[in-house]
Amino acid sequence: MGIEETTFHRRGAGASAYVAPALTLLATAIVWELAARYFQIPGWLLPTPSAIGEAMVDWRVELLRHTLVTLYETLMGFGLALAFGVPLAALVTYSPLLQKTIYPLLLALQSVPKVAVAPLLALWIGFGVLPKIVVVFLVCFFPIIVATAAGLSAVPATVMELIRSLSASQYQIFTKIRFPTALPHIFVGSKIAITFAVIGAVIGEFVGSESGLGYVILTSSSQLRTPLAFAALVILTLMSILLYYAVELAEGLCLPWVEKS
Amino acid sequence: MGTIVANIQISGLYKTYQTRTGHTVALQQVDLAIRQNEFVTLVGPSGCGKSTLLKIIDLLIPPSRGTVLFDGRPLAGPSRDVGIVFQEPVLLPWRGILDNVMLPAEILGLDLAQARRRAMDLLSLVGLAGFEQRYPKELSGGMQQRAAICRSLVHDPSILLMDEPFAALDAMTREELGFELLKIWDVYKKTVVFVTHQISEAILLADRVVAMSPRPGRIEKVIEVSLPRPRRLDMQFSPEFKRYSDEIRTLIRP
C-alpha cells in the first residue's frame, strides 16, 4: 500500500518581499526632497521629507498622545462591531423573519454617508471619544455582519447531510459546523472593516474634537504647520497598514488549516 | 443461516417526487430483506433509485409509502446504529484527521477516551497511522475516503451504508479500497449496504447483488454470489464471474 502525500508548502515571508517596496519608498523620498529644494517649493505648501521627519521628532510626545487616542477609538469601534455583529449574524441565520426585517435597515444604515452622520453625533453626544467610537462602529458593522451571515450559511449540503445522519442538535450544528465554517468569512469581513475603521475615527475627529490625529491634521494645517500635518498623516497611514496586518496575523493563527496562495 | 428477523426489512417501499410536470416515481415496490452481517450491493445505472433507497433506509429521506424495519422495529429518525459513507469524503477542513474520525462519537455523546482508542485502531487498520494530526487537505482523495470510512465506524454501528464511496477515485485506488473494506468487514462484522454503478465492483464485494433498473426505479433481481471468500482480484476473470456480470448487465439495462 503506497502512501501518497500531497506536498504541503508554506509560504515564507522572506525578507526579499520587503526590499523592493522599501527601496521604492526611499527613492521616492529622495526625489521628493531634491525636487522640493530645487524648485524651492514653500514649506507650508509641500514640506520635504526631512521637514516632516523633523516635525515628528519635535512633536513626538504630543503625536504619541494623539495616536493613542485615535487608536483607542478605532479599536473600540471595531471591537464593538465584532461583539454585536457576529451574534446578530447568528440570529439572522436562524430566523428568516429577523433577516427580512434587519437587512433593509442595515442597508439603509450603510448607505447613509458617515461624513453626514458625524456632525449629528457630535451634536448629540459631544466632543469626547464616544461619538468617534460610534462612527467607527457604524463603518465596521455592515461588512462584519454580512460576511459572518454569509459564512454561517455557507455550509455545504454534503456536510449538512452528514450531520443530520448523526441527529446532531442545533447547538452542536452551530458550534461544530456553522461557526468554524464562518470563521474565514468573519476574517474577510474584519479585514474590510479595519481598513475603513481608521477613516471613520478621523472623520469623527474632523467634525469636532480635542484630540486625535485627525484633530492634529485639522489644526496644524489651519495654522499652516504643514510638516506636522503630514507627520500625522504618515502615522495614520502606518496605523491603518499595521492594523490590517494585525488582523491578517490573527487570521493565520486562528485558521491554520487554510492554505494561503 | 440467517436470523429469524431480518436485520433490515424493506417492504412495499415507494418514493415519488412531485415535479412541475407531474410526478416521478424514484422507487417502485421495493421489497428486500437484508440479513445480519451480510454484504449487499445495490447496482444499477443513474436514475434507478439506488442512492434514494440507501437514504430512505436511514430515514434521511422519508418514504412515500412502505416501511423499513430494523430488527423488527421502525426508525423515528436517522439511527445511531448506522454509519454512512458518501461519495465525497466530507471531512471537516478545520479538524485534523483524528478529530474528524471522532466526530460521530462527540455528537452522540459517547465515551471519548474509548472512541479515541477505537479511532486510532481504525486508522491503523487502513494504513493512516501517523496521519492523525494532519489536516484533510494534506491527504489524497483515497486517504481522505479511508478516513471517512473510519469515521463511519467509530461509534461501532452494526450497519454501514455506503453511497458510491469509491466513485471519485481512480481505478487502482478503488480496487485497493474495495479489498480494504472487505478486510474491515471481516474484522468488525457489520451489515453493509453498498451502492455502486460498477457491475464488477458490485459482484466482487457482495454476498448478494441487488440489480436495479430505472424509470421507474425498481429491483429487477437479487442475485446470490457464491464466490468463495476471501475474494481475490483474479476472480474477475473466472467464467462464473462472467455469468453473473452478463446477467446483471442485461437486467439493469434502462
# chains A, B, ... in the order shown; residues from 1 in each chain; ligands from 1

$ residues_around --residues "range 152-167 of chain A" --least-positions-apart "3" --cutoff "6 Å" --atoms "only C-alpha atoms" --output "PDB file with N, CA and C atoms, in the first residue's frame"
ATOM      1  N   ALA A 149     -22.757  36.393   8.298  1.00  0.00           N
ATOM      2  CA  ALA A 149     -24.000  35.707   7.911  1.00  0.00           C
ATOM      3  C   ALA A 149     -23.758  34.826   6.687  1.00  0.00           C
ATOM      4  N   ARG A 178     -21.289  25.250  11.821  1.00  0.00           N
ATOM      5  CA  ARG A 178     -21.531  26.568  11.226  1.00  0.00           C
ATOM      6  C   ARG A 178     -20.462  27.574  11.601  1.00  0.00           C
ATOM      7  N   ALA A 182     -17.817  29.581   9.267  1.00  0.00           N
ATOM      8  CA  ALA A 182     -17.920  31.034   9.122  1.00  0.00           C
ATOM      9  C   ALA A 182     -16.621  31.769   9.437  1.00  0.00           C
TER      10      ALA A 182
ATOM     11  N   PRO B  78     -32.864   9.321  11.760  1.00  0.00           N
ATOM     12  CA  PRO B  78     -31.589   8.653  11.475  1.00  0.00           C
ATOM     13  C   PRO B  78     -31.083   7.917  12.719  1.00  0.00           C
TER      14      PRO B  78
END

$ interface_residues --of "chain B" --to "chain A" --cutoff "6 Å" --atoms "only C-alpha atoms" --output "list in words"
Pro78, Trp94, Glu138 and Leu139 of chain B

$ closest_residue --among "B:Thr173, B:Thr191, B:Gln144, B:Gln9" --to "Leu75 in chain B" --atoms "only C-alpha atoms"
B:Gln9

$ residues_around --residues "range 204-211 of chain B" --least-positions-apart "6" --cutoff "7 Å" --atoms "only C-alpha atoms" --output "number ranges by chain"
B: 38-44, 219-225, 231, 248, 251-252

$ write_last_selection --atoms "C-alpha atoms" --output "compact mmCIF listing (two decimals), in the first residue's frame"
# COMPACT_ATOMS: atom_id res chain seq x y z
CA GLU B 38 -24.45 -9.56 5.12
CA PHE B 39 -22.65 -7.56 2.43
CA VAL B 40 -25.25 -6.42 -0.08
CA THR B 41 -24.54 -4.27 -3.13
CA LEU B 42 -27.10 -2.18 -4.99
CA VAL B 43 -26.10 -1.79 -8.62
CA GLY B 44 -27.76 0.00 -11.49
CA ILE B 219 -35.41 -4.08 -8.19
CA GLU B 220 -35.10 -6.42 -11.14
CA LYS B 221 -33.50 -9.32 -9.35
CA VAL B 222 -31.43 -10.22 -6.30
CA ILE B 223 -28.50 -12.47 -7.22
CA GLU B 224 -26.68 -14.64 -4.72
CA VAL B 225 -22.90 -14.52 -5.35
CA ARG B 231 -12.26 -12.61 -2.55
CA ILE B 248 -26.70 -8.20 -14.28
CA LEU B 251 -31.14 -6.84 -16.08
CA ILE B 252 -30.13 -3.28 -15.36

$ residues_around --residues "Pro87 in chain A" --least-positions-apart "4" --cutoff "12 Å" --atoms "only C-alpha atoms" --output "JSON list (two decimals) with N, CA and C atoms, in the first residue's frame"
[["chain", "number", "residue", "atom", "x", "y", "z"],
["A", 80, "LEU", "N", -16.48, 46.61, 19.16],
["A", 80, "LEU", "CA", -17.92, 46.61, 19.37],
["A", 80, "LEU", "C", -18.66, 46.06, 18.14],
["A", 81, "ALA", "N", -18.15, 46.42, 16.96],
["A", 81, "ALA", "CA", -18.79, 45.92, 15.73],
["A", 81, "ALA", "C", -18.71, 44.39, 15.68],
["A", 82, "LEU", "N", -17.57, 43.83, 16.10],
["A", 82, "LEU", "CA", -17.43, 42.37, 16.16],
["A", 82, "LEU", "C", -18.36, 41.78, 17.21],
["A", 83, "ALA", "N", -18.36, 42.43, 18.40],
["A", 83, "ALA", "CA", -19.14, 41.90, 19.52],
["A", 83, "ALA", "C", -20.62, 41.88, 19.23],
["A", 91, "LEU", "N", -28.11, 35.18, 14.80],
["A", 91, "LEU", "CA", -29.57, 35.25, 14.96],
["A", 91, "LEU", "C", -30.27, 35.33, 13.60],
["A", 92, "VAL", "N", -29.69, 36.15, 12.72],
["A", 92, "VAL", "CA", -30.28, 36.33, 11.39],
["A", 92, "VAL", "C", -30.26, 35.03, 10.60],
["A", 93, "THR", "N", -29.22, 34.21, 10.79],
["A", 93, "THR", "CA", -29.15, 32.94, 10.08],
["A", 93, "THR", "C", -30.25, 32.00, 10.53],
["A", 94, "TYR", "N", -30.60, 32.06, 11.83],
["A", 94, "TYR", "CA", -31.59, 31.13, 12.34],
["A", 94, "TYR", "C", -33.03, 31.63, 12.22],
["A", 141, "PHE", "N", -19.61, 47.78, 11.13],
["A", 141, "PHE", "CA", -20.69, 46.85, 11.42],
["A", 141, "PHE", "C", -21.18, 46.09, 10.18],
["A", 144, "ILE", "N", -18.86, 43.33, 8.64],
["A", 144, "ILE", "CA", -18.71, 42.19, 9.55],
["A", 144, "ILE", "C", -19.97, 41.34, 9.58],
["A", 145, "ILE", "N", -21.13, 41.97, 9.71],
["A", 145, "ILE", "CA", -22.35, 41.17, 9.85],
["A", 145, "ILE", "C", -22.68, 40.46, 8.54],
["A", 146, "VAL", "N", -22.49, 41.11, 7.43],
["A", 146, "VAL", "CA", -22.79, 40.48, 6.14],
["A", 146, "VAL", "C", -21.86, 39.30, 5.88],
["A", 148, "THR", "N", -20.17, 37.54, 8.10],
["A", 148, "THR", "CA", -20.45, 36.47, 9.06],
["A", 148, "THR", "C", -21.69, 35.69, 8.67],
["A", 149, "ALA", "N", -22.76, 36.39, 8.30],
["A", 149, "ALA", "CA", -24.00, 35.71, 7.91],
["A", 149, "ALA", "C", -23.76, 34.83, 6.69],
["A", 152, "LEU", "N", -21.91, 31.72, 7.87],
["A", 152, "LEU", "CA", -22.72, 30.78, 8.64],
["A", 152, "LEU", "C", -23.65, 29.96, 7.74],
["A", 174, "PHE", "N", -24.31, 24.38, 15.34],
["A", 174, "PHE", "CA", -23.75, 25.72, 15.32],
["A", 174, "PHE", "C", -22.28, 25.73, 15.76],
["A", 179, "PHE", "N", -20.13, 27.63, 12.89],
["A", 179, "PHE", "CA", -19.18, 28.66, 13.31],
["A", 179, "PHE", "C", -17.79, 28.45, 12.70],
["A", 186, "ILE", "N", -15.57, 35.57, 8.56],
["A", 186, "ILE", "CA", -15.51, 36.64, 9.57],
["A", 186, "ILE", "C", -14.22, 37.42, 9.42]]

$ select_by_dssp --residues "range 6-253 of chain B" --states "strand (DSSP E)" --output "PyMOL selection string"
chain B and resi 8-19+22-34+39-43+65-70+73-74+82-85+159-163+191-196+208-213+218-224

$ select_by_dssp --residues "range 27-85 of chain A" --states "alpha helix (DSSP H)" --output "ChimeraX atom specification"
/A:27-38,49-58,60-85

$ write_last_selection --atoms "N, CA and C atoms" --output "short mmCIF file (atom, residue, chain, number, x, y, z; two decimals), in the first residue's frame"
data_model
loop_
_atom_site.label_atom_id
_atom_site.label_comp_id
_atom_site.auth_asym_id
_atom_site.auth_seq_id
_atom_site.Cartn_x
_atom_site.Cartn_y
_atom_site.Cartn_z
N ALA A 27 13.56 55.80 -2.70
CA ALA A 27 13.81 56.53 -3.95
C ALA A 27 12.83 57.69 -4.10
N THR A 28 11.55 57.41 -3.81
CA THR A 28 10.53 58.47 -3.91
C THR A 28 10.87 59.62 -2.96
N ALA A 29 11.25 59.25 -1.74
CA ALA A 29 11.57 60.29 -0.75
C ALA A 29 12.74 61.16 -1.21
N ILE A 30 13.74 60.52 -1.78
CA ILE A 30 14.92 61.27 -2.24
C ILE A 30 14.56 62.21 -3.38
N VAL A 31 13.80 61.71 -4.32
CA VAL A 31 13.37 62.54 -5.46
C VAL A 31 12.56 63.73 -4.97
N TRP A 32 11.64 63.45 -4.06
CA TRP A 32 10.77 64.48 -3.49
C TRP A 32 11.61 65.58 -2.84
N GLU A 33 12.57 65.11 -1.99
CA GLU A 33 13.43 66.05 -1.24
C GLU A 33 14.19 66.95 -2.21
N LEU A 34 14.80 66.34 -3.20
CA LEU A 34 15.62 67.10 -4.15
C LEU A 34 14.76 68.04 -4.98
N ALA A 35 13.62 67.54 -5.44
CA ALA A 35 12.73 68.37 -6.28
C ALA A 35 12.23 69.59 -5.50
N ALA A 36 11.85 69.33 -4.24
CA ALA A 36 11.32 70.44 -3.43
C ALA A 36 12.36 71.53 -3.23
N ARG A 37 13.60 71.08 -3.00
CA ARG A 37 14.66 72.09 -2.81
C ARG A 37 14.98 72.82 -4.10
N TYR A 38 15.05 72.04 -5.19
CA TYR A 38 15.42 72.63 -6.47
C TYR A 38 14.40 73.65 -6.94
N PRO A 49 10.50 65.65 2.95
CA PRO A 49 10.56 64.54 3.90
C PRO A 49 11.41 64.86 5.13
N SER A 50 12.46 65.62 4.95
CA SER A 50 13.29 65.97 6.11
C SER A 50 12.53 66.87 7.07
N ALA A 51 11.72 67.78 6.53
CA ALA A 51 10.92 68.65 7.41
C ALA A 51 9.88 67.84 8.16
N ILE A 52 9.28 66.85 7.46
CA ILE A 52 8.28 66.00 8.11
C ILE A 52 8.93 65.21 9.23
N GLY A 53 10.10 64.66 8.95
CA GLY A 53 10.82 63.89 9.96
C GLY A 53 11.15 64.74 11.17
N GLU A 54 11.56 65.99 10.90
CA GLU A 54 11.89 66.92 11.98
C GLU A 54 10.65 67.17 12.85
N ALA A 55 9.49 67.38 12.18
CA ALA A 55 8.25 67.64 12.93
C ALA A 55 7.90 66.45 13.80
N MET A 56 8.12 65.25 13.26
CA MET A 56 7.81 64.04 14.04
C MET A 56 8.65 63.98 15.30
N VAL A 57 9.91 64.30 15.16
CA VAL A 57 10.80 64.23 16.32
C VAL A 57 10.46 65.31 17.33
N ASP A 58 10.28 66.57 16.83
CA ASP A 58 9.99 67.68 17.73
C ASP A 58 8.70 67.47 18.52
N ARG A 60 7.09 64.59 19.13
CA ARG A 60 6.83 63.17 19.36
C ARG A 60 5.94 62.89 20.58
N VAL A 61 6.08 63.68 21.61
CA VAL A 61 5.27 63.41 22.81
C VAL A 61 3.78 63.63 22.51
N GLU A 62 3.49 64.80 21.91
CA GLU A 62 2.08 65.09 21.58
C GLU A 62 1.53 64.09 20.56
N LEU A 63 2.38 63.81 19.55
CA LEU A 63 1.92 62.90 18.50
C LEU A 63 1.59 61.52 19.09
N LEU A 64 2.40 61.08 20.03
CA LEU A 64 2.13 59.79 20.66
C LEU A 64 0.77 59.81 21.37
N ARG A 65 0.54 60.89 22.11
CA ARG A 65 -0.73 61.01 22.84
C ARG A 65 -1.91 60.96 21.87
N HIS A 66 -1.83 61.75 20.79
CA HIS A 66 -2.93 61.77 19.83
C HIS A 66 -3.09 60.45 19.10
N THR A 67 -1.96 59.80 18.82
CA THR A 67 -2.01 58.49 18.17
C THR A 67 -2.77 57.50 19.03
N LEU A 68 -2.47 57.51 20.32
CA LEU A 68 -3.14 56.57 21.21
C LEU A 68 -4.65 56.82 21.26
N VAL A 69 -5.03 58.10 21.21
CA VAL A 69 -6.46 58.42 21.21
C VAL A 69 -7.16 57.84 19.97
N THR A 70 -6.57 58.11 18.81
CA THR A 70 -7.17 57.60 17.57
C THR A 70 -7.18 56.08 17.55
N LEU A 71 -6.11 55.49 18.05
CA LEU A 71 -6.03 54.03 18.09
C LEU A 71 -7.12 53.46 19.00
N TYR A 72 -7.30 54.10 20.14
CA TYR A 72 -8.33 53.66 21.07
C TYR A 72 -9.72 53.72 20.43
N GLU A 73 -10.03 54.85 19.77
CA GLU A 73 -11.32 54.98 19.10
C GLU A 73 -11.51 53.89 18.05
N THR A 74 -10.46 53.65 17.29
CA THR A 74 -10.54 52.66 16.22
C THR A 74 -10.78 51.26 16.78
N LEU A 75 -9.97 50.88 17.76
CA LEU A 75 -10.08 49.52 18.29
C LEU A 75 -11.41 49.29 19.02
N MET A 76 -11.86 50.30 19.77
CA MET A 76 -13.14 50.16 20.46
C MET A 76 -14.29 49.99 19.49
N GLY A 77 -14.31 50.86 18.48
CA GLY A 77 -15.40 50.78 17.50
C GLY A 77 -15.40 49.45 16.77
N PHE A 78 -14.19 49.01 16.38
CA PHE A 78 -14.06 47.74 15.67
C PHE A 78 -14.46 46.58 16.57
N GLY A 79 -13.99 46.61 17.79
CA GLY A 79 -14.32 45.55 18.76
C GLY A 79 -15.81 45.45 19.01
N LEU A 80 -16.48 46.61 19.16
CA LEU A 80 -17.92 46.61 19.37
C LEU A 80 -18.66 46.06 18.14
N ALA A 81 -18.15 46.42 16.96
CA ALA A 81 -18.79 45.92 15.73
C ALA A 81 -18.71 44.39 15.68
N LEU A 82 -17.57 43.83 16.10
CA LEU A 82 -17.43 42.37 16.16
C LEU A 82 -18.36 41.78 17.21
N ALA A 83 -18.36 42.43 18.40
CA ALA A 83 -19.14 41.90 19.52
C ALA A 83 -20.62 41.88 19.23
N PHE A 84 -21.11 42.87 18.48
CA PHE A 84 -22.53 42.90 18.14
C PHE A 84 -22.81 42.23 16.79
N GLY A 85 -21.88 42.39 15.86
CA GLY A 85 -22.13 41.89 14.51
C GLY A 85 -22.20 40.38 14.42
#
